[in-house]
file target.txt (compact mmCIF, C-alpha atoms)
# COMPACT_ATOMS: atom_id res chain seq x y z
CA MET E 3 -88.68 63.08 71.93
CA ASP E 4 -89.95 59.51 72.11
CA MET E 5 -88.18 56.32 73.21
CA ARG E 6 -87.06 55.47 69.68
CA GLU E 7 -85.38 58.86 69.31
CA LEU E 8 -83.86 58.56 72.77
CA ARG E 9 -82.30 55.22 71.93
CA GLU E 10 -81.02 56.41 68.56
CA ASN E 11 -79.42 59.45 70.15
CA ALA E 12 -77.82 57.31 72.85
CA ARG E 13 -76.44 54.86 70.28
CA LYS E 14 -74.73 57.72 68.43
CA GLN E 15 -73.37 59.28 71.61
CA MET E 16 -72.12 55.99 73.09
CA VAL E 17 -70.60 54.49 69.95
CA GLY E 18 -67.66 52.24 70.82
CA LYS E 19 -68.83 51.93 74.43
CA CYS E 20 -72.41 50.66 74.34
CA ARG E 21 -74.45 49.10 71.55
CA VAL E 22 -77.77 50.14 73.12
CA CYS E 23 -79.10 46.62 72.54
CA PRO E 24 -82.86 45.99 72.23
CA VAL E 25 -82.58 44.22 75.60
CA CYS E 26 -79.77 45.37 77.89
CA ASN E 27 -78.73 41.91 79.15
CA GLY E 28 -74.94 42.01 79.11
CA ARG E 29 -74.40 39.41 76.41
CA ALA E 30 -72.93 41.63 73.69
CA CYS E 31 -70.69 43.52 76.14
CA ALA E 32 -69.54 40.59 78.32
CA GLY E 33 -66.14 41.28 79.85
CA GLU E 34 -66.06 44.90 78.72
CA VAL E 35 -64.89 46.51 81.95
CA PRO E 36 -64.03 49.39 81.63
CA GLY E 37 -67.11 49.76 79.50
CA MET E 38 -70.73 48.84 80.10
CA GLY E 39 -70.37 45.09 80.52
CA GLY E 40 -70.00 42.61 83.34
CA THR E 41 -66.64 41.39 84.58
CA GLY E 42 -65.02 38.20 83.26
CA THR E 43 -67.55 36.05 81.45
CA GLY E 44 -70.20 38.69 82.14
CA GLU E 45 -72.36 36.05 83.81
CA ALA E 46 -73.07 38.06 86.97
CA PHE E 47 -74.57 40.84 84.83
CA THR E 48 -76.60 38.48 82.67
CA GLU E 49 -77.83 36.62 85.77
CA ASN E 50 -79.39 39.80 87.13
CA VAL E 51 -81.48 40.15 83.98
CA ARG E 52 -82.20 36.42 83.63
CA ALA E 53 -83.34 36.07 87.24
CA LEU E 54 -85.97 38.75 86.74
CA ALA E 55 -87.02 37.52 83.30
CA SER E 56 -87.59 34.01 84.68
CA LEU E 57 -90.26 35.27 87.09
CA LYS E 58 -93.85 35.31 85.85
CA LEU E 59 -96.82 37.39 87.04
CA ASN E 60 -100.33 36.21 87.92
CA LEU E 61 -102.92 38.06 85.84
CA ARG E 62 -105.87 39.07 88.07
CA VAL E 63 -108.79 41.21 86.90
CA ILE E 64 -111.58 40.71 89.45
CA HIS E 65 -110.81 43.42 91.98
CA ASP E 66 -111.13 47.19 92.59
CA SER E 67 -107.54 48.32 91.99
CA LEU E 68 -108.28 51.18 89.59
CA GLN E 69 -105.76 53.82 90.66
CA PRO E 70 -102.64 52.11 92.07
CA ASP E 71 -100.57 54.14 94.51
CA THR E 72 -96.88 54.11 93.58
CA THR E 73 -95.75 56.58 96.25
CA ILE E 74 -93.30 55.62 98.97
CA GLU E 75 -91.53 57.35 101.82
CA MET E 76 -87.77 56.98 101.68
CA PHE E 77 -85.49 58.47 104.32
CA GLY E 78 -88.07 61.07 105.28
CA GLN E 79 -88.87 62.03 101.68
CA GLN E 80 -92.15 61.36 99.90
CA LEU E 81 -91.44 59.94 96.44
CA LYS E 82 -93.88 59.46 93.56
CA THR E 83 -92.25 56.19 92.58
CA PRO E 84 -90.17 53.43 94.19
CA ILE E 85 -87.72 53.66 91.27
CA MET E 86 -84.51 55.56 92.04
CA GLY E 87 -81.36 56.38 90.10
CA ALA E 88 -78.45 54.14 91.12
CA PRO E 89 -75.06 55.65 92.06
CA ILE E 90 -73.07 55.78 88.81
CA THR E 91 -69.58 57.15 88.16
CA GLY E 92 -66.99 57.06 85.41
CA ALA E 93 -69.00 58.45 82.49
CA VAL E 94 -66.08 59.16 80.20
CA ILE E 95 -64.30 55.87 80.93
CA ASN E 96 -67.31 53.56 80.76
CA ALA E 97 -69.87 55.24 78.54
CA GLY E 98 -67.99 57.63 76.28
CA GLU E 99 -66.83 61.21 76.00
CA ALA E 100 -70.08 62.68 74.70
CA LEU E 101 -70.92 63.63 78.29
CA THR E 102 -68.63 64.87 81.03
CA GLU E 103 -68.91 63.38 84.51
CA PHE E 104 -70.77 66.50 85.64
CA ASN E 105 -73.18 66.33 82.68
CA MET E 106 -74.03 62.71 83.36
CA VAL E 107 -74.37 62.83 87.13
CA SER E 108 -76.41 66.04 86.88
CA ALA E 109 -78.75 64.38 84.38
CA LEU E 110 -79.14 61.37 86.68
CA VAL E 111 -79.81 63.35 89.85
CA GLU E 112 -81.96 66.09 88.32
CA GLY E 113 -83.83 63.68 86.03
CA SER E 114 -84.65 61.45 88.99
CA HIS E 115 -85.79 64.47 90.98
CA LEU E 116 -88.04 65.72 88.18
CA ALA E 117 -89.62 62.25 87.97
CA GLY E 118 -90.57 62.56 91.63
CA SER E 119 -87.81 60.25 92.76
CA ILE E 120 -84.27 60.67 94.05
CA GLY E 121 -80.88 60.23 92.43
CA TRP E 122 -77.88 58.64 94.10
CA ILE E 123 -74.29 59.68 93.45
CA GLY E 124 -71.18 57.54 93.61
CA ASP E 125 -67.61 58.25 94.58
CA PRO E 126 -64.85 57.62 92.03
CA ALA E 127 -61.13 57.90 92.65
CA ASN E 128 -60.97 61.36 91.08
CA PRO E 129 -62.03 63.89 93.78
CA SER E 130 -63.31 66.34 91.16
CA MET E 131 -65.87 63.76 90.03
CA TYR E 132 -67.23 63.45 93.57
CA GLU E 133 -67.55 67.22 93.66
CA ASP E 134 -69.54 66.98 90.42
CA GLY E 135 -71.95 64.67 92.21
CA LEU E 136 -72.22 66.97 95.22
CA ALA E 137 -72.90 69.92 92.91
CA SER E 138 -75.76 67.97 91.32
CA ILE E 139 -77.23 67.30 94.78
CA ARG E 140 -77.02 70.99 95.64
CA LYS E 141 -78.72 71.91 92.37
CA ALA E 142 -81.53 69.35 92.74
CA GLY E 143 -81.94 70.08 96.44
CA GLN E 144 -81.62 66.43 97.44
CA GLY E 145 -79.73 63.23 96.73
CA ILE E 146 -77.99 60.27 98.32
CA ALA E 147 -74.21 59.86 98.47
CA ILE E 148 -72.59 56.41 98.43
CA ILE E 149 -68.87 56.28 99.20
CA LYS E 150 -66.37 53.61 98.15
CA PRO E 151 -65.14 51.48 101.08
CA ARG E 152 -61.71 53.03 101.37
CA VAL E 153 -59.39 51.24 103.76
CA SER E 154 -59.27 54.36 105.93
CA ASN E 155 -62.57 55.13 107.66
CA LYS E 156 -61.29 58.65 108.26
CA GLU E 157 -61.34 59.36 104.52
CA ILE E 158 -64.87 57.99 104.19
CA ILE E 159 -66.13 60.11 107.08
CA GLU E 160 -64.62 63.25 105.52
CA LEU E 161 -66.56 62.51 102.33
CA PHE E 162 -69.73 61.97 104.38
CA LYS E 163 -69.32 65.45 105.86
CA LEU E 164 -69.11 66.98 102.39
CA ALA E 165 -72.32 65.16 101.42
CA GLU E 166 -74.08 66.42 104.54
CA LYS E 167 -73.14 70.01 103.68
CA ALA E 168 -74.35 69.53 100.10
CA GLY E 169 -77.82 68.50 101.29
CA ALA E 170 -77.72 64.71 100.99
CA ILE E 171 -80.64 63.02 102.75
CA ALA E 172 -78.70 59.78 103.36
CA VAL E 173 -75.18 58.43 103.01
CA GLY E 174 -73.62 55.01 102.84
CA THR E 175 -70.91 52.80 101.43
CA ASP E 176 -70.97 50.38 98.51
CA LEU E 177 -69.15 47.39 99.95
CA ASP E 178 -69.62 45.63 96.62
CA GLY E 179 -66.81 47.90 95.38
CA ALA E 180 -64.36 46.39 97.89
CA GLY E 181 -62.25 44.78 95.19
CA LEU E 182 -62.03 47.61 92.68
CA ILE E 183 -58.42 47.65 91.46
CA THR E 184 -58.78 51.07 89.81
CA MET E 185 -59.18 52.72 93.22
CA ALA E 186 -55.92 51.20 94.48
CA LEU E 187 -54.10 52.18 91.29
CA LYS E 188 -55.04 55.79 92.01
CA GLY E 189 -53.78 55.69 95.56
CA GLN E 190 -57.12 55.06 97.25
CA PRO E 191 -57.22 51.37 98.17
CA VAL E 192 -60.57 49.89 99.10
CA GLY E 193 -61.57 46.76 100.95
CA PRO E 194 -64.19 44.99 103.06
CA LYS E 195 -65.26 46.32 106.45
CA THR E 196 -65.56 44.62 109.81
CA THR E 197 -68.69 45.12 111.88
CA GLU E 198 -66.68 47.40 114.18
CA GLN E 199 -65.63 49.56 111.25
CA LEU E 200 -69.23 49.76 110.02
CA ILE E 201 -70.43 50.85 113.47
CA GLU E 202 -67.82 53.62 113.43
CA LEU E 203 -69.09 54.84 110.05
CA ILE E 204 -72.74 54.68 111.12
CA GLN E 205 -72.05 56.64 114.29
CA SER E 206 -70.13 59.30 112.36
CA THR E 207 -73.27 60.75 110.76
CA ALA E 208 -76.75 61.75 111.82
CA LEU E 209 -78.10 60.86 108.37
CA PRO E 210 -79.70 57.50 107.53
CA PHE E 211 -76.97 54.99 106.67
CA ILE E 212 -77.05 52.58 103.71
CA ILE E 213 -74.91 49.51 103.09
CA LYS E 214 -74.84 48.54 99.42
CA GLY E 215 -73.60 45.23 98.07
CA ILE E 216 -75.38 42.69 100.27
CA MET E 217 -76.08 39.32 98.63
CA THR E 218 -76.39 36.86 101.52
CA VAL E 219 -78.68 36.44 104.52
CA ASP E 220 -75.88 36.38 107.08
CA GLU E 221 -74.55 39.75 105.95
CA ALA E 222 -78.05 41.25 105.81
CA VAL E 223 -78.49 40.21 109.43
CA LYS E 224 -75.15 41.80 110.31
CA CYS E 225 -76.33 45.07 108.75
CA VAL E 226 -79.36 45.02 111.05
CA GLU E 227 -77.15 44.27 114.04
CA VAL E 228 -74.76 47.17 113.41
CA GLY E 229 -77.65 49.62 113.11
CA ALA E 230 -77.76 50.41 109.39
CA ASN E 231 -80.99 51.99 108.14
CA ALA E 232 -81.03 50.30 104.73
CA ILE E 233 -79.32 47.69 102.60
CA VAL E 234 -79.06 47.45 98.84
CA ILE E 235 -79.14 43.92 97.47
CA SER E 236 -76.59 44.29 94.67
CA ASN E 237 -73.66 42.60 92.94
CA HIS E 238 -72.43 45.96 91.59
CA GLY E 239 -74.13 45.36 88.26
CA GLY E 240 -72.05 42.23 87.77
CA ARG E 241 -68.93 44.35 87.42
CA VAL E 242 -66.82 43.12 90.34
CA LEU E 243 -67.21 39.34 90.86
CA ASP E 244 -67.97 36.84 88.13
CA HIS E 245 -70.44 33.96 88.63
CA THR E 246 -72.64 35.49 91.33
CA PRO E 247 -76.38 34.74 91.39
CA GLY E 248 -78.81 37.36 90.21
CA VAL E 249 -80.26 39.84 92.68
CA ALA E 250 -83.77 38.40 92.25
CA ASP E 251 -82.40 34.94 93.09
CA VAL E 252 -81.28 35.96 96.59
CA LEU E 253 -83.83 38.64 97.47
CA THR E 254 -86.60 36.40 98.84
CA GLU E 255 -84.40 34.67 101.39
CA ILE E 256 -82.87 37.94 102.55
CA SER E 257 -86.30 39.54 102.84
CA ARG E 258 -87.60 36.68 104.97
CA ALA E 259 -84.73 37.24 107.38
CA VAL E 260 -84.76 41.03 107.77
CA LYS E 261 -88.02 42.46 106.35
CA GLY E 262 -89.41 45.10 108.70
CA LYS E 263 -86.09 45.43 110.53
CA ILE E 264 -84.31 47.42 107.84
CA THR E 265 -85.21 49.06 104.53
CA ILE E 266 -84.51 46.66 101.66
CA LEU E 267 -83.57 48.05 98.26
CA ALA E 268 -82.72 46.00 95.17
CA ASP E 269 -80.36 46.94 92.35
CA GLY E 270 -79.81 44.72 89.34
CA GLY E 271 -81.39 43.97 85.98
CA VAL E 272 -84.48 46.22 86.09
CA ARG E 273 -85.60 46.83 82.52
CA SER E 274 -89.32 47.59 82.92
CA GLY E 275 -92.04 48.46 85.37
CA ALA E 276 -92.98 44.78 85.50
CA ASP E 277 -89.46 44.05 86.75
CA VAL E 278 -89.99 46.61 89.49
CA LEU E 279 -93.22 44.86 90.53
CA LYS E 280 -91.38 41.53 90.66
CA LEU E 281 -88.70 42.88 93.00
CA LEU E 282 -91.32 44.45 95.25
CA ALA E 283 -93.17 41.12 95.37
CA LEU E 284 -89.91 39.43 96.37
CA GLY E 285 -89.61 41.77 99.35
CA ALA E 286 -87.88 44.96 98.22
CA ASP E 287 -89.11 48.31 99.51
CA GLY E 288 -87.67 50.17 96.52
CA VAL E 289 -85.41 49.61 93.51
CA LEU E 290 -82.41 51.23 91.85
CA VAL E 291 -81.87 51.49 88.10
CA GLY E 292 -78.44 51.89 86.55
CA ARG E 293 -77.59 51.16 82.91
CA PRO E 294 -80.98 52.21 81.43
CA LEU E 295 -80.56 55.63 83.04
CA ILE E 296 -77.07 55.97 81.59
CA MET E 297 -78.65 55.37 78.20
CA GLY E 298 -81.28 57.97 79.07
CA ALA E 299 -78.64 60.51 80.06
CA TYR E 300 -76.63 60.02 76.88
CA GLY E 301 -79.72 59.99 74.70
CA GLY E 302 -81.57 62.92 76.23
CA ASN E 303 -79.73 64.31 79.26
CA THR E 304 -82.05 65.23 82.15
CA GLU E 305 -85.18 64.73 80.05
CA GLY E 306 -83.96 61.31 78.98
CA VAL E 307 -83.46 60.13 82.57
CA LYS E 308 -86.88 61.44 83.57
CA MET E 309 -88.40 59.72 80.53
CA ILE E 310 -87.04 56.31 81.55
CA ILE E 311 -88.24 56.60 85.17
CA ASP E 312 -91.63 57.89 84.03
CA LYS E 313 -91.92 55.01 81.55
CA TYR E 314 -91.08 52.38 84.16
CA THR E 315 -93.48 53.98 86.66
CA SER E 316 -96.29 53.96 84.10
CA GLU E 317 -95.56 50.30 83.33
CA LEU E 318 -95.53 49.56 87.05
CA LYS E 319 -99.00 51.10 87.45
CA ALA E 320 -100.33 49.06 84.53
CA ALA E 321 -98.85 45.86 85.97
CA MET E 322 -100.37 46.65 89.38
CA ILE E 323 -103.83 47.06 87.83
CA LEU E 324 -103.50 43.73 86.05
CA THR E 325 -102.29 41.90 89.18
CA GLY E 326 -104.75 43.48 91.62
CA CYS E 327 -102.30 45.59 93.62
CA LYS E 328 -103.47 48.85 95.18
CA SER E 329 -100.20 50.13 96.65
CA VAL E 330 -96.49 49.50 96.15
CA LYS E 331 -96.24 49.41 99.93
CA GLU E 332 -98.35 46.23 99.95
CA ILE E 333 -97.28 43.98 97.09
CA PRO E 334 -97.96 40.36 98.13
CA PRO E 335 -95.73 37.48 97.03
CA GLU E 336 -98.83 35.94 95.42
CA VAL E 337 -98.33 38.40 92.56
CA LEU E 338 -95.71 35.97 91.31
CA TRP E 339 -96.74 32.77 89.53
CA ARG E 340 -95.23 29.59 90.97
CA LYS E 341 -95.24 26.14 89.38

call {"tool": "encode", "arguments": {"input": "target.txt", "output": "structure tokens"}}
result
Amino acid sequence: MDMRELRENARKQMVGKCRVCPVCNGRACAGEVPGMGGTGTGEAFTENVRALASLKLNLRVIHDSLQPDTTIEMFGQQLKTPIMGAPITGAVINAGEALTEFNMVSALVEGSHLAGSIGWIGDPANPSMYEDGLASIRKAGQGIAIIKPRVSNKEIIELFKLAEKAGAIAVGTDLDGAGLITMALKGQPVGPKTTEQLIELIQSTALPFIIKGIMTVDEAVKCVEVGANAIVISNHGGRVLDHTPGVADVLTEISRAVKGKITILADGGVRSGADVLKLLALGADGVLVGRPLIMGAYGGNTEGVKMIIDKYTSELKAAMILTGCKSVKEIPPEVLWRK
């Protein structure tokens, strides 16, 4: 199977939910939530893609970077690539009935694992769907569990314990899901967390703790202060708050404030290995990919997810050669062209 076949298969499987556009930029699906689009005008989704596309790379060819090193260590695990599978839930609702929740999350976690990376699972309102994610972690032997910020910390901690037993290597909460109405409608209201509540969650587990949904410097600093191990710069794929800036627009300032004090991950708009290089140059230590891996799962299941991550990793290596970068752990900001 090649990329053309993968995309054609996905288009057939996701008919009525996703158009599998030549460039996944959120324009055709604006406002389609549930669905694959961004909320409201869809601008927050499109800004993620635009912010990355607006960045240009400096071509450099006088150097000795012949075999770029794309490996990173993440939460005690050695990964072949800095590209990880983002926590995704709601397959049937958002992407179509061709895959069950278990089919999709298994493809995401196992495909990421086979690509030498790690897959993250999310936490929808339906408990059986969370169990599907835990089962995929058990099968792959590793994974990361991100829990919705339920109003009750007790409920979150109980879900952490299940992830620990399943073999998760890290846990966390996606605070960018704090306004999800669907959770409240199903009797599991969510909301923001105070620093005291975050400290309670962090102290409830011995695993590395991740806070997802950080888009400002002040909140990144707070994450360092409460003792989190990592943050994910993310606007939830543009699906929760309209008119936010793109992830690449805020990453540099956040990195300047907390780089070296906490692991910085970026999630939003990655559509190629060159995009990955851009985010690393802006200060990220690793990146998450969402919608393209959904397309991969629907187009080719586990193999399709692996194919996307492998493709992006290969493109990343090529971009590193042509910008003079030897290791993803040392990507200088000078990789980016500035006027």

call {"tool": "closest_residue", "arguments": {"input": "target.txt", "among": "E:Leu182, E:Val228, E:Leu8, E:Trp122", "to": "Pro36 in chain E", "atoms": "all atoms listed in the file"}}
result
E:Leu182

call {"tool": "closest_residue", "arguments": {"input": "target.txt", "among": "E:Ser257, E:Asn11, E:Thr83, E:Thr315", "to": "Gly285 in chain E", "atoms": "all atoms listed in the file"}}
result
E:Ser257

call {"tool": "axis_aligned_box", "arguments": {"input": "target.txt", "around": "range 286-289 of chain E", "padding_each_side": "3 Å", "output": "lines of an AutoDock Vina configuration file"}}
result
center_x = -87.3
center_y = 47.6
center_z = 96.5
size_x = 9.7
size_y = 11.2
size_z = 12.0

call {"tool": "closest_residue", "arguments": {"input": "target.txt", "among": "E:Lys319, E:Arg293, E:Arg29, E:Arg258", "to": "Val307 in chain E", "atoms": "all atoms listed in the file"}}
result
E:Arg293

call {"tool": "closest_atom_pairs", "arguments": {"input": "target.txt", "of": "range 59-149 of chain E", "to": "range 320-326 of chain E", "cutoff": "6 Å", "atoms": "only C-alpha atoms", "output": "tab-separated table"}}
result
residue	atom	partner	partner_atom	distance
E:Leu61	CA	E:Thr325	CA	5.1
E:Arg62	CA	E:Thr325	CA	4.7
E:Val63	CA	E:Leu324	CA	5.9
E:Ser67	CA	E:Gly326	CA	5.6

call {"tool": "residues_near_point", "arguments": {"input": "target.txt", "point": "(-83.1, 37.9, 86.9)", "cutoff": "9 Å", "atoms": "only C-alpha atoms", "output": "ChimeraX atom specification"}}
result
/E:48-57,247-251,270-272,277

call {"tool": "atom_distance", "arguments": {"input": "target.txt", "atom1": "CA of Lys308 in chain E", "atom2": "CA of Ala32 in chain E"}}
result
27.6 Å

call {"tool": "atom_distance", "arguments": {"input": "target.txt", "atom1": "CA of Glu10 in chain E", "atom2": "CA of Thr304 in chain E"}}
result
16.2 Å

call {"tool": "closest_residue", "arguments": {"input": "target.txt", "among": "E:Leu81, E:Met3, E:Val223, E:Val17", "to": "Glu99 in chain E", "atoms": "only C-alpha atoms"}}
result
E:Val17

call {"tool": "build_atoms", "arguments": {"input": "target.txt", "residues": "range 131-142 of chain E", "atoms": "all heavy atoms", "output": "PDB file, keeping the file's coordinate frame"}}
result
ATOM      1  N   MET E 131     -64.636  64.420  90.453  1.00  0.00           N
ATOM      2  CA  MET E 131     -65.870  63.760  90.030  1.00  0.00           C
ATOM      3  C   MET E 131     -66.852  63.645  91.190  1.00  0.00           C
ATOM      4  O   MET E 131     -68.064  63.731  90.993  1.00  0.00           O
ATOM      5  CB  MET E 131     -65.564  62.366  89.454  1.00  0.00           C
ATOM      6  CG  MET E 131     -64.831  62.396  88.129  1.00  0.00           C
ATOM      7  SD  MET E 131     -64.590  60.733  87.442  1.00  0.00           S
ATOM      8  CE  MET E 131     -63.780  61.129  85.884  1.00  0.00           C
ATOM      9  N   TYR E 132     -66.346  63.464  92.407  1.00  0.00           N
ATOM     10  CA  TYR E 132     -67.230  63.450  93.570  1.00  0.00           C
ATOM     11  C   TYR E 132     -67.833  64.831  93.778  1.00  0.00           C
ATOM     12  O   TYR E 132     -69.023  64.959  94.093  1.00  0.00           O
ATOM     13  CB  TYR E 132     -66.457  63.019  94.815  1.00  0.00           C
ATOM     14  CG  TYR E 132     -67.311  62.917  96.071  1.00  0.00           C
ATOM     15  CD1 TYR E 132     -68.459  62.122  96.096  1.00  0.00           C
ATOM     16  CD2 TYR E 132     -66.976  63.608  97.222  1.00  0.00           C
ATOM     17  CE1 TYR E 132     -69.250  62.024  97.237  1.00  0.00           C
ATOM     18  CE2 TYR E 132     -67.748  63.508  98.373  1.00  0.00           C
ATOM     19  CZ  TYR E 132     -68.883  62.727  98.373  1.00  0.00           C
ATOM     20  OH  TYR E 132     -69.661  62.634  99.502  1.00  0.00           O
ATOM     21  N   GLU E 133     -67.034  65.855  93.553  1.00  0.00           N
ATOM     22  CA  GLU E 133     -67.550  67.220  93.660  1.00  0.00           C
ATOM     23  C   GLU E 133     -68.633  67.469  92.618  1.00  0.00           C
ATOM     24  O   GLU E 133     -69.609  68.166  92.886  1.00  0.00           O
ATOM     25  CB  GLU E 133     -66.420  68.226  93.495  1.00  0.00           C
ATOM     26  CG  GLU E 133     -66.859  69.690  93.516  1.00  0.00           C
ATOM     27  CD  GLU E 133     -67.703  70.065  94.718  1.00  0.00           C
ATOM     28  OE1 GLU E 133     -67.407  69.601  95.836  1.00  0.00           O
ATOM     29  OE2 GLU E 133     -68.695  70.814  94.528  1.00  0.00           O
ATOM     30  N   ASP E 134     -68.484  66.876  91.432  1.00  0.00           N
ATOM     31  CA  ASP E 134     -69.540  66.980  90.420  1.00  0.00           C
ATOM     32  C   ASP E 134     -70.846  66.410  90.956  1.00  0.00           C
ATOM     33  O   ASP E 134     -71.926  66.984  90.761  1.00  0.00           O
ATOM     34  CB  ASP E 134     -69.139  66.215  89.146  1.00  0.00           C
ATOM     35  CG  ASP E 134     -68.019  66.896  88.375  1.00  0.00           C
ATOM     36  OD1 ASP E 134     -67.827  68.118  88.565  1.00  0.00           O
ATOM     37  OD2 ASP E 134     -67.343  66.201  87.591  1.00  0.00           O
ATOM     38  N   GLY E 135     -70.756  65.279  91.631  1.00  0.00           N
ATOM     39  CA  GLY E 135     -71.950  64.670  92.210  1.00  0.00           C
ATOM     40  C   GLY E 135     -72.556  65.538  93.293  1.00  0.00           C
ATOM     41  O   GLY E 135     -73.784  65.709  93.358  1.00  0.00           O
ATOM     42  N   LEU E 136     -71.720  66.098  94.152  1.00  0.00           N
ATOM     43  CA  LEU E 136     -72.220  66.970  95.220  1.00  0.00           C
ATOM     44  C   LEU E 136     -72.889  68.211  94.634  1.00  0.00           C
ATOM     45  O   LEU E 136     -73.919  68.669  95.136  1.00  0.00           O
ATOM     46  CB  LEU E 136     -71.065  67.380  96.140  1.00  0.00           C
ATOM     47  CG  LEU E 136     -70.405  66.253  96.941  1.00  0.00           C
ATOM     48  CD1 LEU E 136     -69.250  66.809  97.762  1.00  0.00           C
ATOM     49  CD2 LEU E 136     -71.410  65.550  97.834  1.00  0.00           C
ATOM     50  N   ALA E 137     -72.309  68.740  93.564  1.00  0.00           N
ATOM     51  CA  ALA E 137     -72.900  69.920  92.910  1.00  0.00           C
ATOM     52  C   ALA E 137     -74.285  69.581  92.365  1.00  0.00           C
ATOM     53  O   ALA E 137     -75.207  70.413  92.421  1.00  0.00           O
ATOM     54  CB  ALA E 137     -71.989  70.409  91.790  1.00  0.00           C
ATOM     55  N   SER E 138     -74.446  68.367  91.849  1.00  0.00           N
ATOM     56  CA  SER E 138     -75.760  67.970  91.320  1.00  0.00           C
ATOM     57  C   SER E 138     -76.773  67.838  92.448  1.00  0.00           C
ATOM     58  O   SER E 138     -77.954  68.142  92.267  1.00  0.00           O
ATOM     59  CB  SER E 138     -75.640  66.655  90.540  1.00  0.00           C
ATOM     60  OG  SER E 138     -75.377  65.559  91.401  1.00  0.00           O
ATOM     61  N   ILE E 139     -76.333  67.378  93.625  1.00  0.00           N
ATOM     62  CA  ILE E 139     -77.230  67.300  94.780  1.00  0.00           C
ATOM     63  C   ILE E 139     -77.655  68.702  95.209  1.00  0.00           C
ATOM     64  O   ILE E 139     -78.833  68.956  95.492  1.00  0.00           O
ATOM     65  CB  ILE E 139     -76.558  66.547  95.949  1.00  0.00           C
ATOM     66  CG1 ILE E 139     -76.473  65.057  95.627  1.00  0.00           C
ATOM     67  CG2 ILE E 139     -77.339  66.758  97.252  1.00  0.00           C
ATOM     68  CD1 ILE E 139     -75.813  64.229  96.709  1.00  0.00           C
ATOM     69  N   ARG E 140     -76.691  69.606  95.258  1.00  0.00           N
ATOM     70  CA  ARG E 140     -77.020  70.990  95.640  1.00  0.00           C
ATOM     71  C   ARG E 140     -78.015  71.600  94.668  1.00  0.00           C
ATOM     72  O   ARG E 140     -78.952  72.294  95.068  1.00  0.00           O
ATOM     73  CB  ARG E 140     -75.741  71.833  95.695  1.00  0.00           C
ATOM     74  CG  ARG E 140     -74.848  71.551  96.897  1.00  0.00           C
ATOM     75  CD  ARG E 140     -73.755  72.588  97.035  1.00  0.00           C
ATOM     76  NE  ARG E 140     -72.741  72.428  96.007  1.00  0.00           N
ATOM     77  CZ  ARG E 140     -71.618  71.718  96.157  1.00  0.00           C
ATOM     78  NH1 ARG E 140     -71.373  71.101  97.308  1.00  0.00           N
ATOM     79  NH2 ARG E 140     -70.743  71.626  95.178  1.00  0.00           N
ATOM     80  N   LYS E 141     -77.838  71.326  93.386  1.00  0.00           N
ATOM     81  CA  LYS E 141     -78.720  71.910  92.370  1.00  0.00           C
ATOM     82  C   LYS E 141     -80.128  71.326  92.455  1.00  0.00           C
ATOM     83  O   LYS E 141     -81.122  72.052  92.347  1.00  0.00           O
ATOM     84  CB  LYS E 141     -78.129  71.664  90.984  1.00  0.00           C
ATOM     85  CG  LYS E 141     -78.889  72.366  89.860  1.00  0.00           C
ATOM     86  CD  LYS E 141     -78.174  72.205  88.531  1.00  0.00           C
ATOM     87  CE  LYS E 141     -78.934  72.916  87.414  1.00  0.00           C
ATOM     88  NZ  LYS E 141     -78.266  72.736  86.096  1.00  0.00           N
ATOM     89  N   ALA E 142     -80.215  70.007  92.657  1.00  0.00           N
ATOM     90  CA  ALA E 142     -81.530  69.350  92.740  1.00  0.00           C
ATOM     91  C   ALA E 142     -82.194  69.572  94.089  1.00  0.00           C
ATOM     92  O   ALA E 142     -83.415  69.450  94.211  1.00  0.00           O
ATOM     93  CB  ALA E 142     -81.389  67.858  92.467  1.00  0.00           C
TER      94      ALA E 142
END
